[in-house]
Every structure is written in structure tokens, then in C-alpha cells.
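Below is the file start.txt, which contains compact mmCIF, C-alpha atoms.
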# COMPACT_ATOMS: atom_id res chain seq x y z
CA MET A 1 -22.94 13.34 -64.41
CA MET A 2 -25.16 11.25 -66.61
CA THR A 3 -25.53 10.23 -70.19
CA GLY A 4 -28.14 11.96 -72.33
CA ASN A 5 -31.73 10.85 -72.74
CA PRO A 6 -33.23 9.54 -76.00
CA LYS A 7 -35.05 11.99 -78.20
CA PRO A 8 -37.68 13.71 -76.02
CA ALA A 9 -40.72 12.58 -78.02
CA ARG A 10 -39.66 8.93 -78.12
CA TRP A 11 -38.59 9.02 -74.48
CA GLN A 12 -41.96 10.40 -73.42
CA GLN A 13 -43.76 7.68 -75.39
CA ILE A 14 -41.71 4.95 -73.71
CA ARG A 15 -42.28 6.59 -70.33
CA LEU A 16 -46.06 6.76 -70.77
CA ILE A 17 -46.21 3.16 -71.98
CA ASN A 18 -44.24 1.98 -68.96
CA LEU A 19 -46.38 4.01 -66.56
CA ALA A 20 -49.52 2.50 -68.12
CA LEU A 21 -48.07 -1.02 -67.90
CA PHE A 22 -47.05 -0.39 -64.31
CA THR A 23 -50.61 0.63 -63.43
CA VAL A 24 -52.02 -2.54 -65.00
CA LEU A 25 -49.46 -4.79 -63.28
CA TYR A 26 -49.96 -2.96 -60.00
CA LEU A 27 -53.68 -3.76 -60.10
CA LEU A 28 -53.12 -7.34 -61.22
CA ARG A 29 -50.74 -8.11 -58.37
CA ARG A 30 -53.46 -7.34 -55.78
CA PRO A 31 -56.73 -7.90 -57.73
CA ALA A 32 -58.83 -8.51 -54.61
CA ASP A 33 -58.13 -4.96 -53.42
CA ALA A 34 -59.85 -3.60 -56.51
CA LEU A 35 -62.86 -5.90 -56.04
CA TYR A 36 -63.32 -5.51 -52.28
CA PRO A 37 -60.94 -3.10 -50.55
CA SER A 38 -60.38 -3.81 -46.87
CA VAL A 39 -58.79 -2.35 -43.76
CA TRP A 40 -55.43 -3.93 -42.90
CA ASN A 41 -53.27 -4.44 -39.82
CA GLU A 42 -52.16 -1.30 -37.95
CA ASP A 43 -54.49 0.81 -40.07
CA GLY A 44 -57.44 -0.61 -38.14
CA VAL A 45 -55.59 -1.05 -34.86
CA PHE A 46 -53.89 2.36 -34.58
CA ASN A 47 -54.33 4.77 -37.49
CA ILE A 48 -58.12 4.97 -37.65
CA PRO A 49 -58.73 5.14 -33.86
CA GLN A 50 -55.98 7.75 -33.49
CA ALA A 51 -57.40 9.78 -36.36
CA ILE A 52 -60.88 9.69 -34.81
CA GLU A 53 -59.61 10.71 -31.38
CA HIS A 54 -56.85 13.19 -32.22
CA GLY A 55 -57.62 14.40 -35.75
CA TRP A 56 -54.71 15.79 -37.76
CA SER A 57 -52.44 15.89 -34.73
CA SER A 58 -52.34 12.07 -34.97
CA LEU A 59 -49.85 12.55 -37.81
CA LEU A 60 -47.14 12.90 -35.18
CA ILE A 61 -48.03 9.74 -33.26
CA PRO A 62 -45.58 6.97 -34.20
CA VAL A 63 -46.73 3.47 -35.15
CA SER A 64 -44.49 0.56 -34.15
CA GLY A 65 -41.76 3.08 -33.41
CA TYR A 66 -41.89 4.87 -36.77
CA LEU A 67 -43.39 8.07 -38.08
CA ILE A 68 -45.47 6.97 -41.08
CA ILE A 69 -46.96 10.33 -41.97
CA PRO A 70 -47.86 9.47 -45.63
CA SER A 71 -49.98 6.53 -44.46
CA LYS A 72 -51.70 8.66 -41.85
CA ILE A 73 -52.41 11.36 -44.41
CA ILE A 74 -54.36 8.80 -46.43
CA THR A 75 -56.26 7.73 -43.30
CA LEU A 76 -57.19 11.30 -42.41
CA LEU A 77 -58.13 12.30 -45.96
CA SER A 78 -60.27 9.18 -46.40
CA LEU A 79 -62.14 9.79 -43.15
CA SER A 80 -62.60 13.41 -44.19
CA VAL A 81 -64.51 12.18 -47.23
CA SER A 82 -66.43 9.25 -45.74
CA GLY A 83 -65.83 6.92 -42.83
CA LEU A 84 -68.44 4.54 -44.25
CA PHE A 85 -66.51 4.12 -47.47
CA TYR A 86 -63.08 4.37 -45.89
CA PRO A 87 -61.57 1.24 -47.58
CA GLU A 88 -62.62 2.31 -51.08
CA ILE A 89 -61.46 5.91 -50.71
CA ALA A 90 -58.17 4.92 -49.08
CA TYR A 91 -57.54 2.38 -51.87
CA LEU A 92 -58.16 5.02 -54.54
CA LEU A 93 -55.85 7.52 -52.85
CA THR A 94 -53.17 4.84 -52.51
CA ILE A 95 -53.24 4.14 -56.25
CA ILE A 96 -53.12 7.84 -57.10
CA ILE A 97 -50.18 8.55 -54.78
CA THR A 98 -48.25 5.49 -55.97
CA ILE A 99 -48.64 6.49 -59.62
CA LEU A 100 -47.60 10.06 -58.77
CA VAL A 101 -44.42 8.70 -57.18
CA MET A 102 -43.67 6.77 -60.36
CA VAL A 103 -44.37 9.87 -62.47
CA ILE A 104 -41.89 11.88 -60.40
CA LEU A 105 -39.21 9.17 -60.53
CA THR A 106 -39.44 9.04 -64.32
CA SER A 107 -39.52 12.81 -64.79
CA SER A 108 -36.75 15.13 -65.93
CA LEU A 109 -36.34 16.13 -62.29
CA ILE A 110 -33.81 13.34 -61.74
CA GLU A 111 -30.84 12.10 -63.70
CA LEU A 112 -31.07 8.34 -63.93
CA PRO A 113 -30.29 6.33 -67.05
CA ASN A 114 -33.24 4.47 -68.55
CA LYS A 115 -35.44 5.72 -65.70
CA GLU A 116 -38.51 5.33 -67.91
CA TYR A 117 -38.27 1.56 -67.38
CA LEU A 118 -38.08 1.76 -63.57
CA PRO A 119 -41.86 1.47 -62.88
CA ILE A 120 -42.30 -1.77 -64.80
CA ILE A 121 -39.13 -3.20 -63.20
CA ILE A 122 -40.51 -2.42 -59.73
CA ALA A 123 -43.80 -4.10 -60.63
CA LEU A 124 -42.08 -7.28 -61.85
CA LEU A 125 -39.44 -7.84 -59.17
CA PRO A 126 -39.66 -11.24 -57.40
CA TYR A 127 -41.36 -10.37 -54.13
CA ASP A 128 -44.84 -10.85 -52.75
CA PRO A 129 -46.92 -7.71 -53.46
CA GLU A 130 -47.47 -7.02 -49.75
CA VAL A 131 -46.88 -3.27 -50.12
CA PHE A 132 -48.97 -2.95 -53.28
CA SER A 133 -52.30 -1.06 -53.07
CA THR A 134 -52.40 -1.19 -49.26
CA PRO A 135 -52.94 2.27 -47.70
CA LEU A 136 -50.98 1.32 -44.58
CA TYR A 137 -47.87 0.63 -46.67
CA ILE A 138 -47.95 3.71 -48.90
CA PHE A 139 -44.92 5.01 -46.97
CA TRP A 140 -42.79 2.33 -48.64
CA TRP A 141 -43.59 3.99 -51.97
CA THR A 142 -43.24 7.60 -50.84
CA SER A 143 -39.85 6.74 -49.31
CA LEU A 144 -38.64 6.14 -52.88
CA LEU A 145 -38.93 9.92 -53.30
CA LEU A 146 -35.57 10.14 -51.50
CA LEU A 147 -34.16 9.28 -54.92
CA VAL A 148 -35.20 12.76 -56.06
CA PRO A 149 -32.73 14.75 -53.93
CA LEU A 150 -30.08 12.05 -54.38
CA LEU A 151 -30.32 11.97 -58.16
CA SER A 152 -31.69 15.44 -58.86
CA SER A 153 -30.61 16.90 -62.17
CA SER A 154 -28.07 19.70 -62.20
CA LYS A 155 -30.44 21.45 -64.62
CA ALA A 156 -33.27 21.49 -62.05
CA LYS A 157 -32.87 25.13 -61.05
CA SER A 158 -36.41 26.47 -61.36
CA LYS A 159 -38.48 27.31 -58.28
CA THR A 160 -40.84 24.44 -59.08
CA SER A 161 -37.95 21.97 -59.28
CA LYS A 162 -36.51 23.17 -55.97
CA PHE A 163 -39.93 22.91 -54.35
CA MET A 164 -40.33 19.36 -55.65
CA ILE A 165 -36.88 18.36 -54.38
CA ILE A 166 -37.52 19.81 -50.91
CA GLY A 167 -41.02 18.31 -50.81
CA SER A 168 -39.76 14.89 -51.86
CA THR A 169 -37.06 15.03 -49.17
CA THR A 170 -39.58 15.93 -46.49
CA LEU A 171 -42.13 13.29 -47.46
CA GLY A 172 -39.45 10.62 -47.92
CA CYS A 173 -37.83 11.26 -44.54
CA LEU A 174 -41.14 11.38 -42.69
CA GLY A 175 -42.28 8.13 -44.28
CA SER A 176 -39.76 5.65 -42.90
CA PRO A 177 -36.46 5.44 -41.00
CA ILE A 178 -34.65 4.33 -44.16
CA SER A 179 -33.66 7.99 -44.52
CA ILE A 180 -31.30 7.55 -41.54
CA LEU A 181 -29.16 4.98 -43.34
CA LEU A 182 -29.21 6.87 -46.64
CA ILE A 183 -27.66 10.01 -45.16
CA PRO A 184 -24.11 9.03 -46.30
CA ALA A 185 -25.29 9.06 -49.91
CA MET A 186 -26.67 12.59 -49.48
CA ILE A 187 -23.43 13.69 -47.81
CA ILE A 188 -21.53 12.49 -50.88
CA LYS A 189 -23.98 14.35 -53.13
CA ALA A 190 -23.39 17.61 -51.24
CA TYR A 191 -19.62 17.05 -51.16
CA ILE A 192 -19.36 16.34 -54.88
CA THR A 193 -21.63 19.11 -56.15
CA ARG A 194 -20.85 21.80 -53.53
CA ALA A 195 -24.25 23.28 -54.45
CA LYS A 196 -26.07 25.49 -51.94
CA LEU A 197 -29.37 23.66 -52.49
CA ASN A 198 -27.78 20.31 -51.71
CA TYR A 199 -26.40 21.63 -48.43
CA VAL A 200 -29.90 22.85 -47.54
CA ILE A 201 -31.31 19.44 -48.46
CA LEU A 202 -28.64 17.69 -46.37
CA GLY A 203 -29.54 19.85 -43.35
CA LEU A 204 -33.26 19.17 -43.79
CA TRP A 205 -32.62 15.45 -44.36
CA SER A 206 -30.44 15.21 -41.24
CA ALA A 207 -32.96 17.02 -39.03
CA LEU A 208 -35.91 14.89 -40.13
CA SER A 209 -33.85 11.71 -39.89
CA ALA A 210 -32.90 12.64 -36.33
CA VAL A 211 -36.61 12.75 -35.51
CA GLN A 212 -37.08 9.30 -37.06
CA MET A 213 -34.05 7.98 -35.18
CA TYR A 214 -35.54 9.15 -31.90
CA PHE A 215 -38.52 6.84 -32.43
CA SER A 216 -36.73 4.05 -34.29
CA LEU A 217 -33.94 3.06 -31.93
CA SER A 218 -36.37 1.03 -29.84
CA GLN A 219 -37.23 -1.09 -32.88
CA VAL A 220 -33.77 -2.57 -33.39
CA GLY A 221 -33.83 -6.25 -32.50
CA GLU A 222 -32.79 -6.87 -28.91
CA LYS A 223 -31.05 -10.17 -29.69
CA MET A 224 -29.18 -9.68 -32.93
CA ASP A 225 -27.67 -12.81 -34.45
CA PHE A 226 -24.36 -11.51 -35.79
CA SER A 227 -23.61 -14.92 -37.28
CA LYS A 228 -26.24 -14.09 -39.91
CA PHE A 229 -24.71 -10.76 -40.85
CA TYR A 230 -22.23 -12.19 -43.37
CA ILE A 231 -25.00 -14.04 -45.24
CA ALA A 232 -27.28 -10.98 -45.49
CA LEU A 233 -26.00 -9.74 -48.85
CA PRO A 234 -25.83 -13.21 -50.50
CA GLN A 235 -29.35 -13.97 -49.29
CA PHE A 236 -30.79 -10.85 -50.90
CA VAL A 237 -28.70 -11.16 -54.07
CA GLY A 238 -29.62 -14.81 -54.56
CA THR A 239 -33.36 -14.42 -54.14
CA TYR A 240 -33.23 -11.25 -56.26
CA ILE A 241 -32.02 -13.25 -59.25
CA THR A 242 -34.84 -15.75 -58.93
CA TYR A 243 -36.70 -17.37 -56.10
CA ASN A 244 -36.45 -21.15 -56.25
CA SER A 245 -34.98 -23.99 -54.19
CA PHE A 246 -31.48 -23.30 -55.52
CA PHE A 247 -31.40 -19.65 -54.41
CA SER A 248 -33.59 -20.00 -51.33
CA LYS A 249 -30.39 -20.12 -49.26
CA PRO A 250 -27.00 -18.50 -49.99
CA ASN A 251 -24.81 -20.64 -52.25
CA PHE A 252 -21.61 -20.29 -54.27
CA VAL A 253 -23.40 -18.36 -57.04
CA SER A 254 -24.93 -15.79 -54.69
CA TYR A 255 -21.63 -15.45 -52.80
CA THR A 256 -19.75 -14.92 -56.07
CA LEU A 257 -22.21 -12.33 -57.32
CA SER A 258 -22.16 -10.60 -53.93
CA LEU A 259 -18.38 -10.37 -54.10
CA ALA A 260 -18.61 -8.95 -57.63
CA PHE A 261 -21.19 -6.42 -56.39
CA LEU A 262 -18.85 -5.28 -53.59
CA ILE A 263 -15.85 -5.00 -55.92
CA ILE A 264 -17.75 -2.97 -58.53
CA GLY A 265 -19.40 -0.80 -55.89
CA CYS A 266 -16.10 -0.03 -54.18
CA PHE A 267 -14.52 0.69 -57.56
CA ALA A 268 -17.34 3.14 -58.29
CA LEU A 269 -16.87 4.90 -54.95
CA TYR A 270 -13.09 5.11 -55.47
CA SER A 271 -13.56 6.50 -58.97
CA LEU A 272 -16.05 9.08 -57.71
CA LEU A 273 -14.38 10.24 -54.50
CA ILE A 274 -10.69 9.85 -55.36
CA LEU A 275 -10.52 10.12 -59.14
CA ARG A 276 -13.48 12.57 -59.25
CA LYS A 277 -15.18 10.80 -62.14
CA GLN A 278 -18.75 12.07 -62.15
CA GLU A 279 -20.07 9.22 -64.29
CA PHE A 280 -19.80 6.90 -61.27
CA PHE A 281 -22.06 9.00 -59.06
CA ASN A 282 -25.33 7.13 -59.66
CA THR A 283 -23.65 3.74 -59.30
CA SER A 284 -22.08 4.83 -56.02
CA VAL A 285 -25.43 6.07 -54.68
CA ALA A 286 -27.17 2.83 -55.68
CA PHE A 287 -24.35 0.79 -54.11
CA LEU A 288 -24.68 2.61 -50.78
CA ALA A 289 -28.48 2.35 -50.95
CA VAL A 290 -28.34 -1.43 -51.41
CA LEU A 291 -26.01 -1.87 -48.44
CA SER A 292 -28.05 0.54 -46.30
CA THR A 293 -31.42 -1.08 -46.97
CA ILE A 294 -30.09 -4.60 -46.43
CA LEU A 295 -28.56 -3.42 -43.15
CA ALA A 296 -31.93 -1.94 -42.18
CA SER A 297 -33.70 -5.21 -42.94
CA TRP A 298 -31.17 -7.13 -40.86
CA LEU A 299 -31.46 -4.72 -37.92
CA ARG A 300 -35.25 -4.87 -38.01
CA THR A 301 -35.81 -8.60 -38.61
CA ASN A 302 -32.57 -10.46 -37.86
CA LEU A 303 -33.11 -11.94 -41.35
CA GLU A 304 -36.09 -13.98 -40.20
CA ILE A 305 -37.85 -13.00 -43.42
CA HIS A 306 -38.83 -14.45 -46.77
CA PRO A 307 -39.62 -12.71 -50.09
CA PHE A 308 -43.01 -14.43 -50.26
CA LEU A 309 -43.91 -15.97 -46.90
CA ALA A 310 -42.66 -13.72 -44.12
CA GLY A 311 -42.08 -9.98 -44.22
CA PRO A 312 -41.70 -9.62 -48.02
CA ARG A 313 -41.85 -5.85 -47.60
CA TYR A 314 -38.28 -5.95 -46.28
CA PHE A 315 -37.12 -7.03 -49.74
CA PHE A 316 -38.81 -4.05 -51.43
CA PHE A 317 -36.03 -1.46 -51.05
CA PRO A 318 -33.02 -3.78 -51.51
CA TYR A 319 -34.46 -5.26 -54.73
CA ILE A 320 -35.29 -1.84 -56.18
CA PHE A 321 -31.85 -0.42 -55.40
CA LEU A 322 -30.17 -3.55 -56.77
CA SER A 323 -32.08 -2.93 -60.00
CA ILE A 324 -30.99 0.70 -60.09
CA PHE A 325 -27.40 -0.42 -59.47
CA LEU A 326 -27.57 -2.69 -62.54
CA ILE A 327 -29.18 0.06 -64.63
CA THR A 328 -26.48 2.58 -63.75
CA ILE A 329 -23.65 0.17 -64.59
CA TYR A 330 -25.20 -0.47 -67.98
CA ALA A 331 -25.10 3.29 -68.67
CA ILE A 332 -21.48 3.97 -67.64
CA PRO A 333 -19.32 4.83 -70.67
CA SER A 334 -17.30 1.79 -71.70
CA GLN A 335 -13.99 3.67 -71.66
CA SER A 336 -14.52 4.46 -67.96
CA ILE A 337 -14.66 0.77 -67.04
CA SER A 338 -12.25 -0.60 -69.61
CA ARG A 339 -10.44 -2.61 -66.90
CA LEU A 340 -13.67 -4.44 -66.03
CA LYS A 341 -14.42 -5.83 -69.52
CA PRO A 342 -17.35 -3.48 -70.16
CA ARG A 343 -19.19 -5.54 -72.79
CA LEU A 344 -19.25 -8.61 -70.57
CA LEU A 345 -20.12 -6.60 -67.47
CA LYS A 346 -22.97 -4.72 -69.11
CA GLY A 347 -24.28 -7.89 -70.71
CA MET A 348 -24.32 -9.63 -67.34
CA CYS A 349 -26.13 -6.71 -65.70
CA LEU A 350 -28.82 -6.69 -68.37
CA LEU A 351 -29.19 -10.46 -68.21
CA ILE A 352 -29.54 -10.49 -64.41
CA LEU A 353 -32.15 -7.73 -64.58
CA ILE A 354 -34.20 -9.60 -67.19
CA ILE A 355 -33.93 -12.88 -65.25
CA SER A 356 -35.00 -11.16 -62.02
CA CYS A 357 -38.14 -9.74 -63.62
CA THR A 358 -39.23 -12.91 -65.41
CA THR A 359 -37.88 -16.26 -64.18
CA THR A 360 -39.65 -16.42 -60.82
CA TRP A 361 -43.03 -15.80 -62.47
CA ILE A 362 -42.38 -18.41 -65.17
CA GLN A 363 -41.58 -20.98 -62.50
CA ASN A 364 -44.34 -19.94 -60.11
CA PRO A 365 -47.09 -17.84 -61.76
CA SER A 366 -49.32 -18.01 -58.68
CA GLY A 367 -46.76 -16.05 -56.67
CA PHE A 368 -47.25 -13.04 -58.92
CA TYR A 369 -50.57 -12.06 -57.37
CA ARG A 370 -52.05 -12.02 -53.89
CA THR A 371 -55.71 -12.34 -52.91
CA HIS A 372 -57.68 -12.06 -49.71
CA HIS A 373 -61.12 -12.92 -48.38
CA PRO A 374 -63.76 -10.17 -48.42
CA LEU A 375 -64.34 -8.25 -45.20
CA ASN A 376 -67.28 -5.88 -45.29
CA TRP A 377 -66.27 -2.72 -43.46
CA ARG A 378 -69.82 -1.38 -43.33
CA ASP A 379 -71.16 -4.63 -41.89
CA GLU A 380 -68.53 -4.44 -39.17
CA LEU A 381 -69.54 -0.87 -38.37
CA TYR A 382 -73.18 -1.93 -38.26
CA LYS A 383 -72.43 -4.72 -35.79
CA CYS A 384 -70.41 -2.29 -33.69
CA LEU A 385 -73.28 0.23 -33.60
CA SER A 386 -75.75 -2.55 -32.79
CA SER A 387 -73.73 -3.71 -29.81
CA THR A 388 -74.36 -2.42 -26.33
CA ASP A 389 -70.74 -2.87 -25.31
CA ASN A 390 -67.37 -2.61 -27.03
CA TYR A 391 -67.08 -4.56 -30.28
CA LYS A 392 -64.03 -6.40 -31.63
CA LEU A 393 -64.04 -5.18 -35.20
CA LYS A 394 -62.43 -7.39 -37.85
CA VAL A 395 -59.46 -6.11 -39.88
CA HIS A 396 -57.25 -8.15 -42.18
CA PHE A 397 -53.88 -9.46 -41.09
CA ASP A 398 -52.87 -12.00 -43.76
CA GLY A 399 -55.96 -11.96 -45.96
CA ASP A 400 -57.60 -14.98 -44.35
CA SER A 401 -60.98 -14.16 -42.82
CA SER A 402 -60.43 -16.82 -40.16
CA GLY A 403 -57.25 -15.16 -38.91
CA THR A 404 -58.22 -11.51 -38.67
CA TRP A 405 -57.08 -9.05 -36.06
CA ARG A 406 -59.85 -7.95 -33.71
CA PRO A 407 -59.12 -4.48 -32.28
CA GLU A 408 -61.72 -3.33 -29.79
CA TYR A 409 -63.84 -0.34 -30.77
CA SER A 410 -66.38 1.39 -28.56
CA ARG A 411 -69.81 2.16 -29.95
CA GLU A 412 -68.94 5.87 -29.73
CA GLU A 413 -65.84 5.36 -31.90
CA CYS A 414 -67.84 3.52 -34.55
CA LEU A 415 -70.47 6.26 -34.46
CA LYS A 416 -67.77 8.88 -35.03
CA ILE A 417 -66.47 6.88 -38.00
CA THR A 418 -69.91 6.60 -39.61
CA GLN A 419 -70.56 10.31 -39.06
CA SER A 420 -67.16 11.44 -40.35
CA GLY A 421 -66.62 12.91 -43.78
CA ILE A 422 -68.37 15.25 -46.16
CA LEU A 423 -70.57 12.40 -47.44
CA ALA A 424 -71.97 11.47 -44.02
CA ASN A 425 -75.14 13.51 -44.47
CA TRP A 426 -76.17 11.25 -47.35
CA TYR A 427 -77.11 8.44 -44.94
CA GLY A 428 -79.41 8.08 -41.97
CA LEU A 429 -78.05 6.71 -38.73
CA ASP A 430 -80.98 4.64 -37.46
CA ASP A 431 -80.76 0.91 -36.84
CA ASN A 432 -81.37 0.07 -40.49
CA TRP A 433 -79.17 2.63 -42.23
CA LEU A 434 -76.43 0.16 -43.17
CA ARG A 435 -78.47 -2.85 -44.26
CA LYS A 436 -78.61 -1.80 -47.91
CA PHE A 437 -74.80 -1.99 -48.09
CA LYS A 438 -74.49 -5.55 -46.78
CA GLU A 439 -73.30 -8.17 -49.19
CA SER A 440 -75.36 -10.85 -47.45
CA PRO A 441 -78.80 -10.19 -45.95
CA ASP A 442 -78.34 -13.25 -43.70
CA ILE A 443 -75.52 -11.86 -41.58
CA GLU A 444 -76.20 -12.52 -37.92
CA LEU A 445 -76.18 -9.34 -35.88
Would you kindly transcribe this structure into C-alpha cells?
Amino acid sequence: MMTGNPKPARWQQIRLINLALFTVLYLLRRPADALYPSVWNEDGVFNIPQAIEHGWSSLLIPVSGYLIIPSKIITLLSLSVSGLFYPEIAYLLTIIITILVMVILTSSLIELPNKEYLPIIIALLPYDPEVFSTPLYIFWWTSLLLLVPLLSSSKAKSKTSKFMIIGSTTLGCLGSPISILLIPAMIIKAYITRAKLNYVILGLWSALSAVQMYFSLSQVGEKMDFSKFYIALPQFVGTYITYNSFFSKPNFVSYTLSLAFLIIGCFALYSLLILRKQEFFNTSVAFLAVLSTILASWLRTNLEIHPFLAGPRYFFFPYIFLSIFLITIYAIPSQSISRLKPRLLKGMCLLILIISCTTTWIQNPSGFYRTHHPLNWRDELYKCLSSTDNYKLKVHFDGDSSGTWRPEYSREECLKITQSGILANWYGLDDNWLRKFKESPDIEL
């Protein structure tokens, strides 16, 4: 189904280098998180209060119409260690889980050409790093594990491999509703391979996706603007190449490249399903994944989004799958695409991939990273405990301390947070217990 890997030793060296570079770039794209981790958005509004009130059963409570179990696992694990140091612990767990996802995607478990370069490509794609190092958005990363069952190696027959494939399917499907739209790709995988394991995976995938669909249908935009549907693909393709004034709106270049994408993708599907050419499997999967994730973004946002200013997370999946699409084309044997001028086609794919990962940052270096104002979680807890009534605790929304969300916490909820975790017995709970953690001794209480 795929071409062979480089020599194992050299491949492992390249893989480790790329994983190390990914980790560095990952930290650099959200440097403020490393300096002063904070609580963000629905994490402070829903996840933490639900975890305090319902414990581990809160895993099954949807947020904004979705099951985001990976994010809630981080919330629950962090509170189990220390509610006082929740932002720091959650940040550390987020980094660890993200790196583990990248390790799995570059392992021998999946058959993907040049997969060792995937982490650094993901780190350099031209979108705002909204989903980077934020515990709330870890489900965007764990959803990439759906690539494991889709691209699992035919050689992965050990019990450990099967466990990893089933586990990746479960975690990916319970992380976001994107699994619903990727079902056709898994159906093709089961149809082509006729393997018992893939039928089991398809059944599991379908069942878990049905659960997600139950919660997700209410999140489809009520007033869909179908006039925008035809520009969806050109909009994503154009801004994928580079984000500037020329590509900020669909133009003749993005329309031309979108048409080329559709022609090549349909050719790959025809070659796979009709001509039974296995070398087109990965390209076909990537093609369907691009269309599915763009459709999901359109259904969710009506395309009222922007890769840097508004909802950049909705560009995360389409950009990654576009990159995988280009990678798979580059690896198809030339004789299999002789009608498509393989040297020119592969050269164009490589060039587009390089431009996508570099040009935006050359033109606008400041867009590469994202910062936010410090918010001291322990100071907020102190103020909450010092209040006689409910307290509107600050959590970040866009990183600006003047525009925070203010969910209302009762004093009892804040007390439960401070007392939660195996480290809670290290600190006293009198009126002065938190003062030593404050960044500024002049904070008005």
C-alpha cells in the first residue's frame, strides 16, 4: 500500500530530530503559557465546576454540544494532583499528551510516506496557535489519532498494535465530532482490506460517532449561507499557501488550485476503488479528510472565520490534511501517475508545502507566536475564598486581561478546588495561606 521507509537507523534519527524541533516550536508559538499558564474559556466556565461537582462522571457531560473527553481527562487529572496549581499541571499534561500524539503518528504503527516530517509541518502551518498548549483544546490534537486506524500498517498484527489502534479510535472519536465526517474514509479502508480488525474498528468508530452526532446536531448553524459553500475550498486552499492580502479572499489562483485538488483527488479515488491500485489509498483518505474537515468548518461557522483573527482552530484539521495530501502525492510511484506529468506534479506539491510552512512567517513574523496577559489563578482563588458571596473568577478568553470571562463561583466551590488533589495537605487554609503565591503583594482583596 505504501512505499518503503528509509533505513531504520537514519529514519529514527530524522524522526527524533523532528520531534525535538516540534517540541521547541510548540513552546515558542505560545511562550506565555510556559511563563504563566492560565485557565481558558470553557475550561473555567464548565470543565472545572463540573469536575468539582460531578467528579469523573463529568466526562460524559458535553460542552457546547460536543463530548470533549480528552480535555476533561486533563481537567480531572490536574485537580487530582492539585487544584491550587491547576494551570501549571494542566499545561504540563497538555504538552506530554501532544508529544505522545506526535510520537504515535510518526511510529511504525501507521503507513504514511515521510511521516517523520509531519510534526514540524504541523508546527509551521500558517494558522494562529490557538490550539497549542491549551488544555481545553487538547481534543484537537487527540482527534489526529484517527489517522492511526485509517493509515494503520498491514504489518501491525501484534496485540500491542491492535490495542493502540483500538485505543486511538476510541480517544479520537470521543474527542470531537470530526469522526462523524471521516466515517466514509474508514468504510473505504474496511472495504479495500477486508480485514477482520478493520471491520471491528469500523463498528466501534460508527457507534462512538453516533454518540457524538446525538450531541452535535444542535451545533449546526441555524442560518446556513449556501452562497458561501462554493468558496469554502478556495478559501482554505488560498490561505493555506500563504496568508497575505492576495490570498485573504478566493481568487483565480486559489480556484485553479482547488480545481486541481479535486481532479487529482477524484483520480485517486477512481484508481483505488475501480482500478484497485493500492498506492492511491493514502491520497484518497487525505482527499476525503480535507473535504470532510472543510465541510465541518462550514457547518459550524458558516465560514465566518479567519486563520489568525477569528476561530483559527477551524483551520487546524483542513491544513494538516492538505499537507498529508501533498505528502502522499509526492510518494506515489511515477509510473502510476504518468498521465499527470509526475515530475511537475510532485515538484508543485513539494513547492506548495515549503511555501505554506515558510512564506507567511517571513512576511509576518509576529503572527508566528501568541502571548497573553498574566492571570494569577491562586490570587483569584484567594479573592473567592475571601468573599462572603459568590465571586466572578477571571479566566482568559482572548488573552487580554481587560476582556476576561467572569464565571461565577461560590465560596464552597473555590474551597473544594483549593482542597482538591494529593498536594492539598501541603498548604494551610487560613486567611493567609495563599499570600505567599501572589505575584504582587499590593493586590486589593
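CA of Glu111 in chain A is positioned 20.8 Å from CA of Tyr270 in chain A.
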>> Between CA of Pro333 in chain A and CA of Phe280 in chain A, what distance in Å does the model show, to one decimal?
In response: 9.6 Å
>> Would you compute the distance between CA of Ala331 in chain A and CA of Tyr117 in chain A? Give it in Å to one decimal.
In response: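 Going from CA of Ala331 in chain A over to CA of Tyr117 in chain A covers 13.3 Å.
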> Which residue out of A:Leu174, A:Ile362, A:Cys349, A:Leu322 has the minimum interatomic distance to Leu67 in chain A when only C-alpha atoms are used?
Replying inline: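 Comparing A:Leu174, A:Ile362, A:Cys349, A:Leu322 against Leu67 in chain A, the winner is A:Leu174.
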> When distances are computed from only C-alpha atoms, which of A:Pro37, A:Pro307, A:Gly399, A:Pro149 shows the smallest separation from Gly367 in chain A?
Replying inline: A:Pro307
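Among the candidates A:Leu202, A:Leu350, A:Ile96, A:Leu344, the residue lying nearest to Ile166 in chain A is A:Leu202 (atoms considered: all atoms listed in the file).
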>> I want to know what sits within 12 Å of range 44-54 of chain A, based on all atoms listed in the file, with residues of the same chain fewer than 2 positions away left out; could you give that as a PyMOL selection string?
In response: chain A and resi 38-42+56-64+67-80+83+86-87+90+135-137+377+380+392-397+404-410+412-421
